[in-house]
$ cat query.cif   # mmCIF, C-alpha atoms and all ligand atoms
data_model
loop_
_atom_site.group_PDB
_atom_site.id
_atom_site.type_symbol
_atom_site.label_atom_id
_atom_site.label_comp_id
_atom_site.auth_asym_id
_atom_site.auth_seq_id
_atom_site.Cartn_x
_atom_site.Cartn_y
_atom_site.Cartn_z
ATOM 1 C CA MET H 1 -7.208 14.818 -6.972
ATOM 2 C CA GLN H 2 -6.583 17.081 -9.995
ATOM 3 C CA LYS H 3 -10.231 18.150 -9.965
ATOM 4 C CA LEU H 4 -10.067 19.043 -6.259
ATOM 5 C CA ILE H 5 -6.903 21.069 -6.828
ATOM 6 C CA ASP H 6 -8.564 22.944 -9.713
ATOM 7 C CA GLU H 7 -11.620 23.652 -7.558
ATOM 8 C CA ALA H 8 -9.405 24.964 -4.777
ATOM 9 C CA ILE H 9 -7.510 27.337 -7.072
ATOM 10 C CA LYS H 10 -10.394 28.603 -9.214
ATOM 11 C CA PRO H 11 -11.901 31.153 -6.770
ATOM 12 C CA TYR H 12 -8.496 32.816 -6.348
ATOM 13 C CA GLU H 13 -7.292 32.865 -9.923
ATOM 14 C CA GLY H 14 -5.766 36.200 -10.891
ATOM 15 C CA GLU H 15 -5.777 37.466 -7.307
ATOM 16 C CA LYS H 16 -2.500 38.739 -5.973
ATOM 17 C CA GLY H 17 -1.390 37.367 -2.625
ATOM 18 C CA SER H 18 -3.627 34.348 -2.960
ATOM 19 C CA LEU H 19 -1.023 31.662 -2.332
ATOM 20 C CA ILE H 20 -1.846 31.016 1.335
ATOM 21 C CA PRO H 21 -5.637 30.799 0.808
ATOM 22 C CA ILE H 22 -5.013 28.455 -2.144
ATOM 23 C CA LEU H 23 -2.775 26.212 -0.050
ATOM 24 C CA GLN H 24 -5.361 26.211 2.751
ATOM 25 C CA SER H 25 -8.143 25.376 0.335
ATOM 26 C CA ILE H 26 -6.171 22.523 -1.251
ATOM 27 C CA GLN H 27 -5.361 21.063 2.140
ATOM 28 C CA GLU H 28 -8.999 21.337 3.187
ATOM 29 C CA LYS H 29 -10.176 19.529 0.049
ATOM 30 C CA CYS H 30 -7.344 16.993 -0.379
ATOM 31 C CA GLY H 31 -6.084 16.567 3.197
ATOM 32 C CA TYR H 32 -2.534 17.620 2.256
ATOM 33 C CA ILE H 33 -0.484 19.524 -0.337
ATOM 34 C CA SER H 34 0.775 17.023 -2.888
ATOM 35 C CA GLU H 35 3.623 17.402 -5.391
ATOM 36 C CA ASP H 36 0.988 17.657 -8.115
ATOM 37 C CA ALA H 37 -0.611 20.550 -6.260
ATOM 38 C CA PHE H 38 2.701 22.447 -6.162
ATOM 39 C CA SER H 39 3.049 21.966 -9.889
ATOM 40 C CA VAL H 40 -0.464 23.209 -10.678
ATOM 41 C CA ILE H 41 -0.184 26.212 -8.354
ATOM 42 C CA ALA H 42 3.156 27.132 -9.940
ATOM 43 C CA GLN H 43 1.604 27.122 -13.413
ATOM 44 C CA ARG H 44 -1.461 29.105 -12.401
ATOM 45 C CA LEU H 45 0.296 31.713 -10.283
ATOM 46 C CA LYS H 46 3.347 31.870 -12.525
ATOM 47 C CA MET H 47 5.654 31.187 -9.613
ATOM 48 C CA SER H 48 8.373 28.581 -9.216
ATOM 49 C CA GLU H 49 7.570 25.410 -7.283
ATOM 50 C CA HIS H 50 10.625 26.140 -5.162
ATOM 51 C CA GLU H 51 9.206 29.518 -4.164
ATOM 52 C CA ILE H 52 5.816 28.010 -3.298
ATOM 53 C CA TYR H 53 7.436 25.221 -1.305
ATOM 54 C CA GLY H 54 9.459 27.803 0.616
ATOM 55 C CA VAL H 55 6.308 29.678 1.606
ATOM 56 C CA ALA H 56 4.303 26.526 2.409
ATOM 57 C CA THR H 57 6.979 24.986 4.629
ATOM 58 C CA PHE H 58 7.249 28.198 6.623
ATOM 59 C CA TYR H 59 3.795 27.525 8.073
ATOM 60 C CA THR H 60 3.296 24.528 10.358
ATOM 61 C CA GLN H 61 -0.375 24.285 9.382
ATOM 62 C CA PHE H 62 0.428 22.606 6.057
ATOM 63 C CA ARG H 63 0.921 18.868 5.558
ATOM 64 C CA PHE H 64 2.861 17.432 2.635
ATOM 65 C CA THR H 65 2.102 13.751 3.008
ATOM 66 C CA ARG H 66 -1.229 12.057 2.708
ATOM 67 C CA PRO H 67 -2.850 11.586 6.128
ATOM 68 C CA ALA H 68 -4.470 8.327 7.218
ATOM 69 C CA ASP H 69 -8.212 7.881 6.865
ATOM 70 C CA HIS H 70 -8.347 7.103 10.600
ATOM 71 C CA LEU H 71 -5.874 8.386 13.162
ATOM 72 C CA ILE H 72 -5.167 6.396 16.325
ATOM 73 C CA LYS H 73 -3.833 8.473 19.217
ATOM 74 C CA VAL H 74 -2.439 6.557 22.164
ATOM 75 C CA CYS H 75 -2.016 8.512 25.373
ATOM 76 C CA LEU H 76 1.274 8.143 27.202
ATOM 77 C CA GLY H 77 0.518 10.773 29.832
ATOM 78 C CA THR H 78 1.110 9.955 33.495
ATOM 79 C CA ALA H 79 -2.283 8.393 34.282
ATOM 80 C CA CYS H 80 -2.258 6.285 31.116
ATOM 81 C CA HIS H 81 1.386 5.336 31.514
ATOM 82 C CA VAL H 82 0.842 4.155 35.088
ATOM 83 C CA LYS H 83 -2.070 2.013 33.898
ATOM 84 C CA GLY H 84 0.046 0.308 31.244
ATOM 85 C CA ASN H 85 -0.772 2.086 28.011
ATOM 86 C CA SER H 86 2.743 1.427 26.697
ATOM 87 C CA LEU H 87 1.733 -2.219 26.433
ATOM 88 C CA ASN H 88 -1.389 -1.224 24.499
ATOM 89 C CA LEU H 89 0.798 0.854 22.177
ATOM 90 C CA ASN H 90 3.068 -2.137 21.567
ATOM 91 C CA ASN H 91 0.026 -4.281 20.839
ATOM 92 C CA ILE H 92 -1.261 -1.739 18.325
ATOM 93 C CA VAL H 93 2.146 -1.597 16.643
ATOM 94 C CA ASN H 94 2.124 -5.379 16.347
ATOM 95 C CA MET H 95 -1.473 -5.538 15.143
ATOM 96 C CA ILE H 96 -1.334 -2.914 12.407
ATOM 97 C CA GLY H 97 2.351 -3.158 11.527
ATOM 98 C CA ILE H 98 3.337 0.497 11.762
ATOM 99 C CA LYS H 99 5.228 2.531 14.329
ATOM 100 C CA GLU H 100 4.345 5.831 15.935
ATOM 101 C CA GLY H 101 4.238 8.606 13.337
ATOM 102 C CA GLU H 102 3.597 6.207 10.454
ATOM 103 C CA VAL H 103 0.626 5.462 8.219
ATOM 104 C CA THR H 104 -0.356 2.032 6.886
ATOM 105 C CA SER H 105 0.458 1.406 3.230
ATOM 106 C CA ASP H 106 -3.251 1.608 2.328
ATOM 107 C CA TYR H 107 -3.557 4.919 4.241
ATOM 108 C CA ARG H 108 -6.333 3.428 6.341
ATOM 109 C CA LEU H 109 -4.723 3.884 9.772
ATOM 110 C CA GLY H 110 -2.176 6.255 11.236
ATOM 111 C CA LEU H 111 -0.607 6.084 14.699
ATOM 112 C CA GLU H 112 0.469 8.874 17.044
ATOM 113 C CA THR H 113 1.206 9.189 20.729
ATOM 114 C CA VAL H 114 0.108 12.126 22.852
ATOM 115 C CA HIS H 115 0.839 13.278 26.390
ATOM 116 C CA CYS H 116 -2.735 13.630 27.640
ATOM 117 C CA LEU H 117 -6.100 13.336 25.969
ATOM 118 C CA GLY H 118 -7.819 15.196 28.797
ATOM 119 C CA ALA H 119 -9.831 12.207 29.988
ATOM 120 C CA CYS H 120 -7.488 10.725 32.592
ATOM 121 C CA ALA H 121 -10.364 9.072 34.494
ATOM 122 C CA LEU H 122 -10.725 6.698 31.526
ATOM 123 C CA ALA H 123 -7.034 5.683 31.551
ATOM 124 C CA PRO H 124 -5.553 3.790 29.849
ATOM 125 C CA LEU H 125 -6.962 5.544 26.854
ATOM 126 C CA ALA H 126 -6.706 5.915 23.092
ATOM 127 C CA THR H 127 -8.772 7.684 20.498
ATOM 128 C CA ILE H 128 -9.551 6.834 16.911
ATOM 129 C CA ASP H 129 -10.578 9.993 15.101
ATOM 130 C CA GLU H 130 -13.016 11.687 17.508
ATOM 131 C CA GLU H 131 -13.976 8.555 19.428
ATOM 132 C CA TYR H 132 -12.568 7.850 22.912
ATOM 133 C CA TYR H 133 -11.783 4.282 23.978
ATOM 134 C CA GLY H 134 -11.141 4.126 27.696
ATOM 135 C CA ASN H 135 -10.082 1.370 30.090
ATOM 136 C CA LEU H 136 -8.253 -0.319 27.255
ATOM 137 C CA SER H 137 -7.274 -3.924 27.598
ATOM 138 C CA PRO H 138 -5.530 -6.134 25.042
ATOM 139 C CA ARG H 139 -8.818 -7.917 24.282
ATOM 140 C CA LYS H 140 -10.776 -4.691 23.897
ATOM 141 C CA LEU H 141 -8.067 -3.242 21.706
ATOM 142 C CA GLU H 142 -8.078 -6.275 19.457
ATOM 143 C CA LYS H 143 -11.843 -6.042 19.071
ATOM 144 C CA ILE H 144 -11.724 -2.338 18.208
ATOM 145 C CA LEU H 145 -8.871 -2.614 15.717
ATOM 146 C CA SER H 146 -10.176 -5.735 14.019
ATOM 147 C CA LYS H 147 -13.201 -3.767 12.893
ATOM 148 C CA TYR H 148 -10.987 -1.154 11.269
ATOM 149 C CA THR H 149 -8.685 -3.638 9.661
ATOM 150 C CA LYS H 150 -11.658 -5.560 8.261
ATOM 151 C CA GLY H 151 -12.875 -2.464 6.483
ATOM 152 C CA LYS H 152 -15.710 -1.439 8.753
ATOM 153 C CA ALA H 153 -15.035 2.213 9.426
ATOM 154 C CA GLY H 154 -16.834 4.306 11.972
ATOM 155 C CA ILE H 155 -17.233 1.641 14.640
ATOM 156 C CA LYS H 156 -18.515 2.503 18.057
ATOM 157 C CA ASP H 157 -17.558 0.498 21.111
ATOM 158 C CA GLU H 158 -20.257 0.326 23.767
ATOM 159 C CA GLU H 159 -17.787 1.266 26.431
ATOM 160 C CA SER H 160 -16.250 4.123 24.537
ATOM 161 C CA LYS H 161 -17.074 7.479 25.965
ATOM 162 C CA LYS H 162 -16.859 10.986 24.751
ATOM 163 C CA LYS H 163 -14.412 13.290 26.441
ATOM 164 C CA LYS H 164 -15.737 14.080 29.885
ATOM 165 C CA ASP H 165 -13.063 15.725 31.949
HETATM 166 S S1 LIG B 1 -2.893 10.910 30.922
HETATM 167 FE FE1 LIG B 1 -4.012 9.850 29.411
HETATM 168 S S2 LIG B 1 -5.822 11.020 29.238
HETATM 169 FE FE2 LIG B 1 -4.644 12.115 30.652
#
$ encode --input "query.cif" --output "structure tokens" --more "lines below"
Ligand code: FES
Amino acid sequence: MQKLIDEAIKPYEGEKGSLIPILQSIQEKCGYISEDAFSVIAQRLKMSEHEIYGVATFYTQFRFTRPADHLIKVCLGTACHVKGNSLNLNNIVNMIGIKEGEVTSDYRLGLETVHCLGACALAPLATIDEEYYGNLSPRKLEKILSKYTKGKAGIKDEESKKKKD
């Protein structure tokens, strides 16, 4: 992590007004702005951590907690809700042991809900990273998630489809 932070700062060293590009670069390389990153930036730019934090939190683009390796998004829009996606959400919560907005302790999976994934014809629907999993059933869900929880990332379900509508 320290090396990535150094790499992110190096091109901007000595440049005035470089705080935002440095924060963007760190987030791009590390996925978020850690406490360590604030400390290193403060030393290099000769600013207080408090000042940097104040600037960083002004912008919604910056994250301050480590994101999950894989993000599950469960749609609770009208079409998905009508087709029972709340039950699928409950099943996911039970299977991976986290609630909406949380990340597993090993940072492998995160869980969010959304209001429409733009593929209502596939309802009920969830995505994991960029992959769409439509017509979800408890059995299908179990199969999909078991592959992630067993450490096989990047699975593809035969029935999963890319965004179409
Ligand atoms: S309501 Fe779920 S994809 Fe549109």
$ residues_near_ligand --input "query.cif" --ligand "ligand LIG 1 (chain B)" --cutoff "8 Å" --atoms "all atoms listed in the file" --output "ChimeraX atom specification"
/H:75-81,115-126
$ closest_atom_pairs --input "query.cif" --of "region 33-148 of chain H" --to "region 1-24 of chain H" --cutoff "8 Å" --atoms "only C-alpha atoms" --output "Markdown table"
| residue | atom | partner | partner_atom | distance |
| --- | --- | --- | --- | --- |
| H:Ile33 | CA | H:Leu23 | CA | 7.1 |
| H:Asp36 | CA | H:Gln2 | CA | 7.8 |
| H:Ala37 | CA | H:Ile5 | CA | 6.3 |
| H:Val40 | CA | H:Ile5 | CA | 7.8 |
| H:Ile41 | CA | H:Ile9 | CA | 7.5 |
| H:Arg44 | CA | H:Glu13 | CA | 7.4 |
| H:Leu45 | CA | H:Gly14 | CA | 7.6 |
| H:Ile52 | CA | H:Leu19 | CA | 7.8 |
| H:Ala56 | CA | H:Leu23 | CA | 7.5 |
| H:Phe62 | CA | H:Gln24 | CA | 7.6 |
$ closest_residue --input "query.cif" --among "H:His70, H:Lys99, H:Arg63, H:Lys83" --to "Gln27 (chain H)" --atoms "only C-alpha atoms"
H:Arg63
$ resolve_selection --input "query.cif" --expression "the PyMOL selection byres (((chain H and resi 106) around 12) and not hetatm)" --output "JSON, numbers by chain"
{"H": [66, 67, 68, 69, 70, 96, 97, 98, 102, 103, 104, 105, 107, 108, 109, 110, 149, 151]}
$ closest_residue --input "query.cif" --among "H:Val82, H:Ser146, H:Leu111, H:Lys73" --to "Tyr133 (chain H)" --atoms "all atoms listed in the file"
H:Lys73
$ atom_distance --input "query.cif" --atom1 "CA of Gly101 (chain H)" --atom2 "CA of Tyr32 (chain H)"
15.8 Å
$ axis_aligned_box --input "query.cif" --around "region 19-35 of chain H" --padding-each-side "4 Å" --output "AutoDock Vina command-line options"
--center_x -3.3 --center_y 24.1 --center_z -1.1 --size_x 21.8 --size_y 23.1 --size_z 16.6
$ atom_distance --input "query.cif" --atom1 "CA of Ser39 (chain H)" --atom2 "CA of Val55 (chain H)"
14.2 Å
$ residues_around --input "query.cif" --residues "Asn90 (chain H)" --least-positions-apart "2" --cutoff "12 Å" --atoms "only C-alpha atoms" --output "mmCIF file with C-alpha atoms, in the frame of the given file"
data_model
loop_
_atom_site.group_PDB
_atom_site.id
_atom_site.type_symbol
_atom_site.label_atom_id
_atom_site.label_comp_id
_atom_site.auth_asym_id
_atom_site.auth_seq_id
_atom_site.Cartn_x
_atom_site.Cartn_y
_atom_site.Cartn_z
ATOM 1 C CA VAL H 74 -2.439 6.557 22.164
ATOM 2 C CA LEU H 76 1.274 8.143 27.202
ATOM 3 C CA GLY H 84 0.046 0.308 31.244
ATOM 4 C CA ASN H 85 -0.772 2.086 28.011
ATOM 5 C CA SER H 86 2.743 1.427 26.697
ATOM 6 C CA LEU H 87 1.733 -2.219 26.433
ATOM 7 C CA ASN H 88 -1.389 -1.224 24.499
ATOM 8 C CA ILE H 92 -1.261 -1.739 18.325
ATOM 9 C CA VAL H 93 2.146 -1.597 16.643
ATOM 10 C CA ASN H 94 2.124 -5.379 16.347
ATOM 11 C CA MET H 95 -1.473 -5.538 15.143
ATOM 12 C CA ILE H 96 -1.334 -2.914 12.407
ATOM 13 C CA GLY H 97 2.351 -3.158 11.527
ATOM 14 C CA ILE H 98 3.337 0.497 11.762
ATOM 15 C CA LYS H 99 5.228 2.531 14.329
ATOM 16 C CA GLU H 100 4.345 5.831 15.935
ATOM 17 C CA LEU H 111 -0.607 6.084 14.699
ATOM 18 C CA THR H 113 1.206 9.189 20.729
ATOM 19 C CA PRO H 138 -5.530 -6.134 25.042
ATOM 20 C CA LEU H 141 -8.067 -3.242 21.706
#
$ atom_distance --input "query.cif" --atom1 "CA of Thr57 (chain H)" --atom2 "CA of Glu28 (chain H)"
16.5 Å
$ resolve_selection --input "query.cif" --expression "the PyMOL selection byres (((chain H and resi 129) around 8) and not hetatm)" --output "number ranges by chain"
H: 70-72, 127-128, 130-131
$ residues_around --input "query.cif" --residues "Phe38 (chain H)" --least-positions-apart "6" --cutoff "9 Å" --atoms "all atoms listed in the file" --output "list of chain:residue names"
H:Ser48, H:Glu49, H:His50, H:Ile52, H:Tyr53
